[in-house]
Amino acid sequence: MKNARYDVLALGNAIVDVIARAEEDFLVAHELTKGAMMLIDEPRAETLYAAMGPAKVISGGSAANTIAGLASFGGKGAFIGKVKQDELGKLYRHDLTSQGVSFDTAFAADGPATARSFIFVTPDGERTMNTYLGACQGLTVADVDKDTVQNADIIYLEGYLWDPPAAKEAFRKASEFAHAAGGRVAITLSDSFCVDRYRDEFLGLIRNRLVDIVFANEHELKSLYQTGDFDSALAALRAENIIAAVTRSEKGALAVTPDGIVAEPVFPVERIVDSTGAGDLFAAGFLFGLTSGREVRDSLRLGALAAAEIISHVGARPDVNLKVLAGDNGLL
């Protein structure tokens, strides 16, 4: 979209991450499914918080991590998400806006507290997430500002926020506004459990052209097409005739376009410290590439670079300026 005020506007869960290291036996003792994201209620949240070791508190949320990464590349980003006007909510807004992201969604004045996700990182770098959604489920159509949506090149929707009916309606309205103004709509499938719940609806979004770009990892893609064979799932995705980016952990990533498939390896990293946010930051690099007019292969490389940076430390927000990092590696 020419002269867009924002490269990407993300709609998603506004969640504060509480991250701690944990051994495998901790996961077993607390009946946690390694590598998965589980939704929990407030009592369960309190139990896990009391049991976990020393923690790092960082603003997170999948789509918000992506938009923070985009801003670090030098992109113009905005975010729509719901936090309560409490201590964590104010911290969350400050963290995002201090990175140059526009975040004007009104605070929730009452109701549940600001959302938080308890993330346990095992020695192999795998993360297990247990999320209390709290205030972020209160997103509604009223929070979707038409002018903001229509001044963005790409709208980026977070699959995790497909659970609440009001948020689902907000997503559809944002897609309608975006397409009316000539913008594009992207969605991240977020998690294979999320795909299991909403497979038919996600496929409907793709086939009815409510979304133009899909982000998924290998597990989510196989869940979407109900197959254990990656090549079969990839063929089904190609048949949809849209743009998609598919991450495959250590196997790298693929871009699927109407013209074919482009593959890129992972960017080298000395040690995986914490895989939290790897997919989010891959999306940041890929979206930055798309909105800055770069070729698909270069967009994949930017995504791989951002993912490598994020897994080299604890937390899902960049520790270094991604624009500088990309320049140092000859990508910008």
# chains A, B, ... in the order shown; residues from 1 in each chain; ligands from 1

$ residues_around --residues "Leu157 of chain A" --least-positions-apart "5" --cutoff "8 Å" --atoms "only C-alpha atoms" --output "list in words"
Ala10, Leu11, Gly12, Ala63, Phe171, Val185, Ala186, Ile187 and Thr188 of chain A

$ residues_around --residues "segment 112-117 of chain A" --least-positions-apart "3" --cutoff "7 Å" --atoms "only C-alpha atoms" --output "ChimeraX atom specification"
/A:14-18,83-84,88-89,129-136

$ write_last_selection --atoms "N, CA and C atoms" --output "mmCIF file, in the first residue's frame"
data_model
loop_
_atom_site.group_PDB
_atom_site.id
_atom_site.type_symbol
_atom_site.label_atom_id
_atom_site.label_comp_id
_atom_site.auth_asym_id
_atom_site.auth_seq_id
_atom_site.Cartn_x
_atom_site.Cartn_y
_atom_site.Cartn_z
ATOM 1 N N ALA A 14 -2.150 -9.268 24.612
ATOM 2 C CA ALA A 14 -1.164 -8.468 25.338
ATOM 3 C C ALA A 14 -0.856 -9.193 26.648
ATOM 4 N N ILE A 15 0.285 -9.870 26.670
ATOM 5 C CA ILE A 15 0.615 -10.767 27.785
ATOM 6 C C ILE A 15 1.998 -10.447 28.342
ATOM 7 N N VAL A 16 2.105 -10.416 29.650
ATOM 8 C CA VAL A 16 3.397 -10.262 30.303
ATOM 9 C C VAL A 16 3.993 -11.656 30.517
ATOM 10 N N ASP A 17 5.212 -11.869 30.025
ATOM 11 C CA ASP A 17 5.877 -13.164 30.177
ATOM 12 C C ASP A 17 6.639 -13.223 31.496
ATOM 13 N N VAL A 18 6.446 -14.323 32.218
ATOM 14 C CA VAL A 18 7.195 -14.594 33.445
ATOM 15 C C VAL A 18 8.005 -15.855 33.155
ATOM 16 N N VAL A 83 -4.992 -4.508 27.750
ATOM 17 C CA VAL A 83 -4.431 -4.691 29.087
ATOM 18 C C VAL A 83 -5.294 -3.915 30.076
ATOM 19 N N LYS A 84 -5.224 -4.323 31.333
ATOM 20 C CA LYS A 84 -5.957 -3.589 32.372
ATOM 21 C C LYS A 84 -5.107 -2.413 32.857
ATOM 22 N N LEU A 88 1.008 -4.133 35.861
ATOM 23 C CA LEU A 88 1.559 -4.857 34.722
ATOM 24 C C LEU A 88 1.073 -4.276 33.390
ATOM 25 N N GLY A 89 -0.169 -3.802 33.376
ATOM 26 C CA GLY A 89 -0.706 -3.204 32.160
ATOM 27 C C GLY A 89 0.046 -1.939 31.771
ATOM 28 N N MET A 129 4.661 -23.226 27.920
ATOM 29 C CA MET A 129 3.932 -22.028 28.318
ATOM 30 C C MET A 129 2.593 -22.365 28.968
ATOM 31 N N ASN A 130 2.298 -21.670 30.047
ATOM 32 C CA ASN A 130 1.022 -21.800 30.734
ATOM 33 C C ASN A 130 0.466 -20.399 30.904
ATOM 34 N N THR A 131 -0.621 -20.111 30.214
ATOM 35 C CA THR A 131 -1.058 -18.732 30.037
ATOM 36 C C THR A 131 -2.401 -18.443 30.686
ATOM 37 N N TYR A 132 -2.399 -17.410 31.528
ATOM 38 C CA TYR A 132 -3.637 -16.855 32.084
ATOM 39 C C TYR A 132 -3.992 -15.637 31.239
ATOM 40 N N LEU A 133 -5.078 -15.718 30.499
ATOM 41 C CA LEU A 133 -5.386 -14.705 29.491
ATOM 42 C C LEU A 133 -5.954 -13.405 30.050
ATOM 43 N N GLY A 134 -6.642 -13.477 31.179
ATOM 44 C CA GLY A 134 -7.091 -12.266 31.841
ATOM 45 C C GLY A 134 -7.686 -11.217 30.921
ATOM 46 N N ALA A 135 -7.180 -9.980 31.047
ATOM 47 C CA ALA A 135 -7.771 -8.823 30.366
ATOM 48 C C ALA A 135 -7.681 -8.897 28.849
ATOM 49 N N CYS A 136 -6.691 -9.619 28.321
ATOM 50 C CA CYS A 136 -6.506 -9.555 26.860
ATOM 51 C C CYS A 136 -7.665 -10.183 26.100
#

$ closest_residue --among "A:Ile58, A:Met52, A:Leu203, A:Leu287" --to "Pro318 of chain A" --atoms "only C-alpha atoms"
A:Ile58

$ closest_residue --among "A:Gly81, A:Gly279, A:Gly289, A:Gly60" --to "Glu220 of chain A" --atoms "only C-alpha atoms"
A:Gly279

$ residues_around --residues "Arg197 of chain A" --least-positions-apart "3" --cutoff "12 Å" --atoms "only C-alpha atoms" --output "PyMOL selection string"
chain A and resi 159-160+162-163+189-194+200-203+220+223-224

$ select_by_dssp --residues "segment 67-246 of chain A" --states "strand (DSSP E)" --output "PyMOL selection string"
chain A and resi 77-80+115-121+127-132+152-158+184-188+213-217+243-246

$ write_last_selection --atoms "C-alpha atoms" --output "compact mmCIF listing (two decimals), in the first residue's frame"
# COMPACT_ATOMS: atom_id res chain seq x y z
CA GLY A 77 4.54 -0.80 13.60
CA ALA A 78 1.31 -0.48 15.55
CA PHE A 79 -0.46 -2.81 17.98
CA ILE A 80 -4.04 -3.39 19.10
CA ALA A 115 -2.66 -11.37 31.21
CA ARG A 116 0.52 -13.25 32.06
CA SER A 117 2.23 -16.35 30.69
CA PHE A 118 4.40 -18.58 32.86
CA ILE A 119 7.17 -19.91 30.62
CA PHE A 120 9.39 -22.76 31.78
CA VAL A 121 12.62 -23.17 29.84
CA ARG A 127 9.76 -23.59 26.31
CA THR A 128 6.56 -24.74 27.94
CA MET A 129 3.93 -22.03 28.32
CA ASN A 130 1.02 -21.80 30.73
CA THR A 131 -1.06 -18.73 30.04
CA TYR A 132 -3.64 -16.86 32.08
CA ALA A 152 -1.38 -0.13 7.48
CA ASP A 153 0.18 -2.09 4.63
CA ILE A 154 -0.34 -5.44 6.38
CA ILE A 155 -2.67 -6.41 9.24
CA TYR A 156 -1.20 -9.27 11.28
CA LEU A 157 -3.66 -11.43 13.25
CA GLU A 158 -2.64 -13.73 16.10
CA ARG A 184 -3.16 -7.17 3.04
CA VAL A 185 -4.08 -9.46 5.92
CA ALA A 186 -1.77 -12.03 7.51
CA ILE A 187 -2.47 -14.60 10.21
CA THR A 188 -0.19 -16.73 12.34
CA ILE A 213 -0.56 -14.42 4.08
CA VAL A 214 -0.21 -17.37 6.47
CA PHE A 215 2.52 -18.05 9.03
CA ALA A 216 2.83 -21.57 10.45
CA ASN A 217 5.38 -24.01 11.77
CA ILE A 243 1.66 -16.55 0.29
CA ALA A 244 2.81 -18.53 3.32
CA ALA A 245 5.92 -18.80 5.47
CA VAL A 246 6.57 -22.12 7.18

$ select_by_dssp --residues "segment 232-282 of chain A" --states "helix (DSSP H, G or I)" --output "PyMOL selection string"
chain A and resi 232-239+249-251+278-282

$ atom_distance --atom1 "atom CA of Arg5 of chain A" --atom2 "atom CA of Arg93 of chain A"
20.2 Å

$ atom_distance --atom1 "atom CA of Leu70 of chain A" --atom2 "atom CA of Ala55 of chain A"
26.1 Å

$ residues_around --residues "Arg207 of chain A" --least-positions-apart "6" --cutoff "10 Å" --atoms "only C-alpha atoms" --output "list in words"
Glu201, Glu240, Asn241 and Ile242 of chain A

$ atom_distance --atom1 "atom CA of Ala307 of chain A" --atom2 "atom CA of Gly285 of chain A"
8.3 Å

$ residues_around --residues "Pro54 of chain A" --least-positions-apart "3" --cutoff "9 Å" --atoms "only C-alpha atoms" --output "list in words"
Ile19, Ala20 and Arg21 of chain A

$ closest_residue --among "A:Thr148, A:Leu331, A:Lys56, A:Ala253" --to "Arg294 of chain A" --atoms "only C-alpha atoms"
A:Leu331

$ closest_residue --among "A:Arg44, A:Val256, A:Gly327, A:Arg199" --to "Lys222 of chain A" --atoms "only C-alpha atoms"
A:Arg199

$ residues_around --residues "segment 267-269 of chain A" --least-positions-apart "2" --cutoff "6 Å" --atoms "only C-alpha atoms" --output "compact mmCIF listing (two decimals) with N, CA, C and O atoms, in the first residue's frame"
# COMPACT_ATOMS: atom_id res chain seq x y z
N ARG A 271 24.54 -21.24 20.58
CA ARG A 271 23.84 -22.06 21.57
C ARG A 271 22.40 -21.59 21.70
O ARG A 271 22.14 -20.40 21.74
N ALA A 304 15.15 -15.54 9.50
CA ALA A 304 16.09 -16.48 10.11
C ALA A 304 17.06 -15.76 11.04
O ALA A 304 17.40 -16.25 12.13
N LEU A 305 17.52 -14.59 10.63
CA LEU A 305 18.44 -13.80 11.45
C LEU A 305 17.77 -13.40 12.77
O LEU A 305 18.37 -13.55 13.85
N ALA A 308 17.33 -16.37 15.09
CA ALA A 308 18.60 -16.77 15.69
C ALA A 308 18.98 -15.85 16.84
O ALA A 308 19.49 -16.31 17.88
